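S.K.: First the structure, then my questions, so here it is.
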4 protein chains.
Amino acid sequence: MNTIGNTFRLTTFGESHGAAVGGTIDGCPAGLLLDEAFIISELTRRRLGDQPSTLTTSRSEPDQVEWLSGVFQGKTLGTPLTFIVRNQDCRSSDYDALRTCYRPGHADYTTQQKYGYRDHRGGGRSSGRETVARVVAGSVAKQLLKREGVTITASSQQHLVSCIIKGVHAGLGDPIFDRLNARLAFAVMSIPSAMSFSMGETPDCYKLDSFNFPDAWCAYGEGENLTATNHCGGVQGGISNGMPIIFHVGFHPPVTNPDGMICRQEDGSLEKVAPHGRHDAEHFQRLPVIVESMAAITLADLYKF
Amino acid sequence: MNTIGNTFRLTTFGESHGAAVGGTIDGCPAGLLLDEAFIISELTRRRLGDQPSTLTTSRSEPDQVEWLSGVFQGKTLGTPLTFIVRNQDCRSSDYDALRTCYRPGHADYTTQQKYGYRDHRGGGRSSGRETVARVVAGSVAKQLLKREGVTITASSQQHLVSCIIKGVHAGLGDPIFDRLNARLAFAVMSIPSAMSFSMGETPDCYKLDSFNFPDAWCAYGEGENLTATNHCGGVQGGISNGMPIIFHVGFHPPVTNPDGMICRQEDGSLEKVAPHGRHDAEHFQRLPVIVESMAAITLADLYKF
Amino acid sequence: MNTIGNTFRLTTFGESHGAAVGGTIDGCPAGLLLDEAFIISELTRRRLGDQPSTLTTSRSEPDQVEWLSGVFQGKTLGTPLTFIVRNQDCRSSDYDALRTCYRPGHADYTTQQKYGYRDHRGGGRSSGRETVARVVAGSVAKQLLKREGVTITASSQQHLVSCIIKGVHAGLGDPIFDRLNARLAFAVMSIPSAMSFSMGETPDCYKLDSFNFPDAWCAYGEGENLTATNHCGGVQGGISNGMPIIFHVGFHPPVTNPDGMICRQEDGSLEKVAPHGRHDAEHFQRLPVIVESMAAITLADLYKF
Amino acid sequence: MNTIGNTFRLTTFGESHGAAVGGTIDGCPAGLLLDEAFIISELTRRRLGDQPSTLTTSRSEPDQVEWLSGVFQGKTLGTPLTFIVRNQDCRSSDYDALRTCYRPGHADYTTQQKYGYRDHRGGGRSSGRETVARVVAGSVAKQLLKREGVTITASSQQHLVSCIIKGVHAGLGDPIFDRLNARLAFAVMSIPSAMSFSMGETPDCYKLDSFNFPDAWCAYGEGENLTATNHCGGVQGGISNGMPIIFHVGFHPPVTNPDGMICRQEDGSLEKVAPHGRHDAEHFQRLPVIVESMAAITLADLYKF
């Protein structure tokens, strides 16, 4: 289904070349003054990346967020917050060649197998454009978490997005299935092109031996001074221990090939299809804000506001 | 909470030194003839590992599964299947030294922070013993999946458990949050000591470039012959494509140190505590059946039986 | 929260004097040709009642449904269906007198107690206008159920809306909590102003004695001929038996008094407030389509399409 | 499924002639001292009714509750509380005549239609014996609610069980689907033999007209003095207003006929079957504690403990 979360719950909707993409946040407490400038700045990070090239910035107009419900005189009502971003500049005919074929590395084939019917234009529902809704919801979640003293920062080096969350008190999470690390893994592995997830100070520190892996206690330490190292990434037995929460996400490269692709026709034969749509040179630069958003949505769901 | 799944749903319960550990499976279809010998053999894999040493096998008696509900004359009724395994051989006094202190690398401290009250004996709820219930449920799930032609095999090399799932038809999973890869990541990251998860033929194949990462179609290929490589691990856009589903899980080493540990007292001071309980030399050998079980539970939840 | 259902799941949003009311249907199967004329006709029943007076029909323009996602070339995609109906003709200033007071019989006071902040205009989120979304979703559900041979008909006599569902096969529902009768009770008791619910051929037939209450079997009877009477209303032990499903819902009268009301001020004092908004003479005529919609949403959630 | 609730969540299991009936409570906070004497007294009310006849009291031994998990030294751990009550005195052969036939008014036929396989002995899963688990969970919920000042009292007059809940603060419940009245309706309509539900001071007070139905405010009134009447039963717009919450539940009479029954054979033919099992003269006397239990479980799920 298209919903994540229990008490802070996001449902997203929309196809990349339909009328709009958007989402509904259910469970946002009443009385939050929405910081729309912050939301726009987060969407800009998603669209242009954290280090936009001059080439990129000239590309297009910012996304316009329209709030349909849940806000009255700038403040949240505690009722569902529904927002949409209209899809503009849809040159659907770009995609006519893809109507009856499946690109390699995309969701075209699997979507057809699952539903038997699809919107072939620009990936339809599976387009990265759906992440607009995640970023809007994430920016609302961040505003709530900020009041609790929680900050979330992700940064990208080619293929590896690392994320650090500070200010989470000890005791958040669950010991069995809904472990904090499992919840975070679920949330970020649901980002398009995510391939790997790992917890810990450095990606492979869990490979230390039994003598060096367990983080040694600091005498009388609390919060960020609880232990001398942070090999466990701030989560023990599925529950936060007060140290910074650190995880890493690996993403595969863009799968749209600017030189064209060998596509599979419905009858199983192969055919070369000319390039179409946009090639995404800033792929990895655009991911940190999405990772942060999914982490924020996950944490907001665990806090009792 | 202590439940995983929606339509094939497992709830586990029990502390390692309480009366019993067990679980309830809700959603198992009626009419399945339970193969109890298979369930016992899976529990033996969990207890002794896949390559038990002679030393290990002499250790203890097999776990005895008692079925409390949901079975009539050997067949499932479609009603909740509740099973328990009694805890035997509980030398709770072994743990007296741990009543007021927190071991490094364990869940003692975070459990106390979350609940304010805990069963200190042998890890309580957070003990690896809870995985007994996962393996029983996993073995039921495997019996259901076997009828659908699905097999699941995991194997372990130090730190890396790799798992391959064959026979899943194209079209299983969801395109947004409940992606098959995200569901699998959630399920296996909920295993005690799991630290990392990755999809794909080999753990790092997602680091290939845009030209080499996308799996090339095989002309007229279907199922396991759909593509020439399997860099995506059988999942595209969150949905299975019919290729084998392949993922890898990294685990940290045992955190119980046979030479004793520097523990944190409730007042924050540190103290060396003598070794206690058992040291687990076969840690990594015991993990594959648990990984398989969580994968089976995840898939059984997605099939419509 | 603002969601009902598991596999056919409706989330509604919107305040009566905000930008729009609407909903998202998640779980509608792909390939359904949406019958928009039928949807409009159902909305008209909601707006004007089943026997509109001439006075009523002149009142206002029909609701316009805008589909934002989930439809491509008139057919559903299997992705979330989001629709909105813009709020028109909002004379919000009508409600200025209600900004700091609570009407008797309305949700003003309880909304303030729960959220601490509210949109006072026209009942805000608690307005009957939210039922627009229920009727749109119900009309989609009816189209799905029609393909399964299921029809739903409700009719109203002052205070009592009776509903009969035909064509449901034996075996739908659950034996413990999620009983079909409990699910229906939940769904219709969530309609604004619903006060009572009862199952059975006639509202009080459950008061028969042990000799006369149990419905006698018809020899070799099936479906609608299974039993000679239908005191149980088509549900035994929480599961449908193939007979028509019959239930009754009682509603309280409109609570907006055309002569003005004694309202409670925020400080607890009382004050007479002049009439405002509209008095709803067709209250009971408008309810059947809403009851049918909630029944359809409930059943669509139980069918595997 | 066999679960009710979200944050205080009960899963029940067990067939009436299987090994045991029982349940798992997930979400009970840590540190509650379980009052086992109270639990036993509630089970006795369930077994013998509120006004047990001398004949009845001699019937059988009390139910013995065995706690399998979640309790340590008498106090809850915050982990799942699993309890079982073993089934004793199972004269299964009493039921041999029912192996291939369906009694009128029972769940035999619908269970067979749904699952295709059933335990015919004593109603199996659909037996009233499952309510043992509801009462145990209800008595835990009552202990939690008692700390919040909430009391629940139900009483029975032939067919009509009335329930009054005192001490619930204003602001509990939800305005759309998860209305407090809808949640209560769902919970009590899931009790075996429940047929009707209504809110309000007296069962039919919602039939008053628009002038008399809305409860008039008391100047400066709070809590139980908020309004002069309580026609709405303490719930406005789905949310509690601080007045006592009052509802009524109607049940059908026992459907086991002491003179024997005309049963339906699997081939559709009819046959008279001699009486079997027990006739339940105290049917209506036994229901109040079950109604209270379901109300307590519902409220405990809404409180944040």
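In the structure tokens, the first chain shown is A, the next is B, and so on; residue numbers restart at 1 for each chain, and ligands run from 1 in the order shown.
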With 12 Å as the limit and counting only C-alpha atoms, what residues in chain D lie close to chain A? Please list them as a list of chain:residue names.
M.R.: D:Asn6, D:Thr7, D:Gly27, D:Gly78, D:Thr79, D:Pro80, D:Asp174, D:Pro175, D:Ile176, D:Lys304, D:Phe305
S.K.: Check region 37-271 of chain C with DSSP on the backbone and list each residue it calls strand (DSSP E), as JSON, numbers by chain.
M.R.: {"C": [65, 66, 67, 68, 69, 71, 72, 75, 76, 81, 82, 83, 84, 85, 86, 101, 102, 151, 152, 153, 154, 155, 156, 157, 160, 161, 162, 163, 164, 165, 166, 194, 195, 196, 197, 198, 199, 235, 236, 239, 240, 245, 246, 247, 248, 249, 250, 251, 261, 262, 263, 264, 265, 270, 271]}
S.K.: Quick one: everything within 7 Å of region 226-229 of chain D, counting only C-alpha atoms, minus sequence neighbours fewer than 5 positions away in the same chain. Send it as a ChimeraX atom specification.
M.R.: /D:215-218,221,243
S.K.: Using the selection just defined, write its residues with all heavy atoms as a compact mmCIF listing (two decimals), in the first residue's frame.
M.R.:
# COMPACT_ATOMS: atom_id res chain seq x y z
N ASP D 215 -28.56 18.14 23.89
CA ASP D 215 -28.43 18.30 25.34
C ASP D 215 -28.08 19.74 25.68
O ASP D 215 -27.09 20.28 25.19
CB ASP D 215 -27.34 17.36 25.87
CG ASP D 215 -27.66 15.89 25.60
OD1 ASP D 215 -28.71 15.43 26.10
OD2 ASP D 215 -26.89 15.22 24.89
N ALA D 216 -28.90 20.35 26.54
CA ALA D 216 -28.68 21.76 26.91
C ALA D 216 -27.47 21.88 27.84
O ALA D 216 -27.28 21.05 28.73
CB ALA D 216 -29.92 22.31 27.59
N TRP D 217 -26.66 22.90 27.59
CA TRP D 217 -25.51 23.16 28.45
C TRP D 217 -25.95 23.58 29.86
O TRP D 217 -26.93 24.30 30.00
CB TRP D 217 -24.67 24.32 27.89
CG TRP D 217 -24.13 24.13 26.51
CD1 TRP D 217 -24.52 24.81 25.40
CD2 TRP D 217 -23.10 23.24 26.11
NE1 TRP D 217 -23.79 24.38 24.30
CE2 TRP D 217 -22.91 23.41 24.72
CE3 TRP D 217 -22.31 22.30 26.77
CZ2 TRP D 217 -21.97 22.69 23.98
CZ3 TRP D 217 -21.38 21.58 26.04
CH2 TRP D 217 -21.22 21.78 24.68
N CYS D 218 -25.23 23.15 30.88
CA CYS D 218 -25.37 23.74 32.21
C CYS D 218 -24.35 24.87 32.31
O CYS D 218 -23.16 24.67 31.99
CB CYS D 218 -25.05 22.70 33.29
SG CYS D 218 -26.18 21.31 33.30
N GLY D 221 -20.87 24.31 33.77
CA GLY D 221 -20.76 22.89 34.08
C GLY D 221 -19.51 22.27 33.48
O GLY D 221 -19.03 22.69 32.42
N MET D 243 -19.19 13.80 30.08
CA MET D 243 -20.37 13.21 30.72
C MET D 243 -20.20 11.68 30.77
O MET D 243 -19.37 11.13 30.04
CB MET D 243 -21.62 13.56 29.90
CG MET D 243 -22.01 15.02 29.91
SD MET D 243 -22.79 15.53 31.49
CE MET D 243 -24.41 14.73 31.33
S.K.: DSSP says alpha helix (DSSP H) for which residues of region 24-258 of chain C? Put them as number ranges by chain?
M.R.: C: 36-48, 54-57, 108-115, 131-147, 180-189
S.K.: Contacts of His106 (chain B) at 12 Å or less, counting only C-alpha atoms, minus same-chain residues fewer than 4 places along, as a PyMOL selection string?
M.R.: (chain A and resi 175+213-217+232+235-241) or (chain B and resi 98+101-102+110-112+120+122-128+192-193+252-257+261+263-264)
S.K.: Considering only C-alpha atoms, return as a ChimeraX atom specification whatever protein or nucleic-acid residues lie within 6 Å of Arg286 (chain A), sequence-local ones (same chain, fewer than 3 positions apart) excluded.
M.R.: /A:46,49,283
S.K.: Within 9 Å of Val291 (chain C), counting only C-alpha atoms, which residues show up once you throw out same-chain ones fewer than 5 positions away? Write them as a list of chain:residue names, please.
M.R.: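 The residues satisfying every condition are C:Thr153, C:Ala154, C:Val161, C:Ser162, C:Cys163, C:Ala187, C:Val188, C:Ile191, C:Val249, C:Ala296.
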S.K.: Mind giving me the straight-line distance from CA of Asn230 (chain D) to CA of Ser293 (chain D) in Å, one decimal?
M.R.: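 Atom-to-atom, CA of Asn230 (chain D) and CA of Ser293 (chain D) are spaced 23.1 Å apart.
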S.K.: Nearest to Pro275 (chain D): which of D:Ala97, D:Val150, D:Val289, D:Ala170 is it, counting only C-alpha atoms?
M.R.: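 Smallest separation from Pro275 (chain D) among the options: D:Ala97.
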S.K.: Would you pick out the contacts of region 197-199 of chain D at 7 Å or less, using only C-alpha atoms, so that residues sharing its chain but fewer than 3 positions from it are not included, and give the list as a PyMOL selection string?
M.R.: (chain C and resi 195-198) or (chain D and resi 185+203+232-233+246-250)
S.K.: For the residues in that selection, give me N, CA, C and O atoms as an mmCIF file, in the first residue's frame.
M.R.:
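Output file part-v4.cif is given in full below:
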data_model
loop_
_atom_site.group_PDB
_atom_site.id
_atom_site.type_symbol
_atom_site.label_atom_id
_atom_site.label_comp_id
_atom_site.auth_asym_id
_atom_site.auth_seq_id
_atom_site.Cartn_x
_atom_site.Cartn_y
_atom_site.Cartn_z
ATOM 1 N N MET C 195 -26.879 6.769 15.826
ATOM 2 C CA MET C 195 -27.041 6.514 17.261
ATOM 3 C C MET C 195 -27.254 5.039 17.589
ATOM 4 O O MET C 195 -27.019 4.613 18.706
ATOM 5 N N SER C 196 -27.780 4.264 16.634
ATOM 6 C CA SER C 196 -28.051 2.860 16.944
ATOM 7 C C SER C 196 -27.870 1.991 15.713
ATOM 8 O O SER C 196 -27.930 2.483 14.576
ATOM 9 N N PHE C 197 -27.652 0.722 15.962
ATOM 10 C CA PHE C 197 -27.419 -0.257 14.907
ATOM 11 C C PHE C 197 -28.053 -1.563 15.338
ATOM 12 O O PHE C 197 -27.918 -1.951 16.497
ATOM 13 N N SER C 198 -28.754 -2.233 14.426
ATOM 14 C CA SER C 198 -29.200 -3.583 14.757
ATOM 15 C C SER C 198 -29.252 -4.467 13.523
ATOM 16 O O SER C 198 -29.493 -3.989 12.415
ATOM 17 N N ALA D 185 -19.173 0.372 19.444
ATOM 18 C CA ALA D 185 -20.117 -0.481 18.708
ATOM 19 C C ALA D 185 -19.391 -1.690 18.128
ATOM 20 O O ALA D 185 -19.852 -2.828 18.227
ATOM 21 N N PRO D 203 -32.429 4.027 25.618
ATOM 22 C CA PRO D 203 -32.163 3.446 24.296
ATOM 23 C C PRO D 203 -32.730 4.235 23.119
ATOM 24 O O PRO D 203 -32.118 4.273 22.067
ATOM 25 N N CYS D 232 -27.000 12.222 24.130
ATOM 26 C CA CYS D 232 -25.936 11.794 23.216
ATOM 27 C C CYS D 232 -25.084 10.704 23.836
ATOM 28 O O CYS D 232 -24.205 10.141 23.173
ATOM 29 N N GLY D 233 -25.301 10.386 25.096
ATOM 30 C CA GLY D 233 -24.546 9.302 25.722
ATOM 31 C C GLY D 233 -23.086 9.625 25.965
ATOM 32 O O GLY D 233 -22.240 8.731 26.007
ATOM 33 N N ILE D 246 -22.768 6.285 27.924
ATOM 34 C CA ILE D 246 -23.832 5.306 28.147
ATOM 35 C C ILE D 246 -24.215 4.638 26.827
ATOM 36 O O ILE D 246 -24.477 5.327 25.836
ATOM 37 N N PHE D 247 -24.203 3.321 26.839
ATOM 38 C CA PHE D 247 -24.687 2.607 25.651
ATOM 39 C C PHE D 247 -25.423 1.338 26.065
ATOM 40 O O PHE D 247 -25.338 0.899 27.213
ATOM 41 N N HIS D 248 -26.135 0.777 25.107
ATOM 42 C CA HIS D 248 -26.973 -0.396 25.344
ATOM 43 C C HIS D 248 -26.703 -1.429 24.263
ATOM 44 O O HIS D 248 -26.509 -1.075 23.101
ATOM 45 N N VAL D 249 -26.692 -2.689 24.652
ATOM 46 C CA VAL D 249 -26.434 -3.765 23.707
ATOM 47 C C VAL D 249 -27.552 -4.778 23.814
ATOM 48 O O VAL D 249 -27.932 -5.174 24.923
ATOM 49 N N GLY D 250 -28.070 -5.187 22.667
ATOM 50 C CA GLY D 250 -29.099 -6.223 22.652
ATOM 51 C C GLY D 250 -28.523 -7.549 22.195
ATOM 52 O O GLY D 250 -27.725 -7.582 21.245
#
S.K.: Hey, can you check how far CA of Glu201 (chain A) sits from CA of Asn181 (chain B)?
M.R.: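 Pair CA of Glu201 (chain A) / CA of Asn181 (chain B) returns 23.9 Å.
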S.K.: Quote the spacing between CA of Tyr303 (chain C) and CA of Phe8 (chain C) in Å to one decimal place.
M.R.: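 For CA of Tyr303 (chain C) relative to CA of Phe8 (chain C), the distance reads 8.8 Å.
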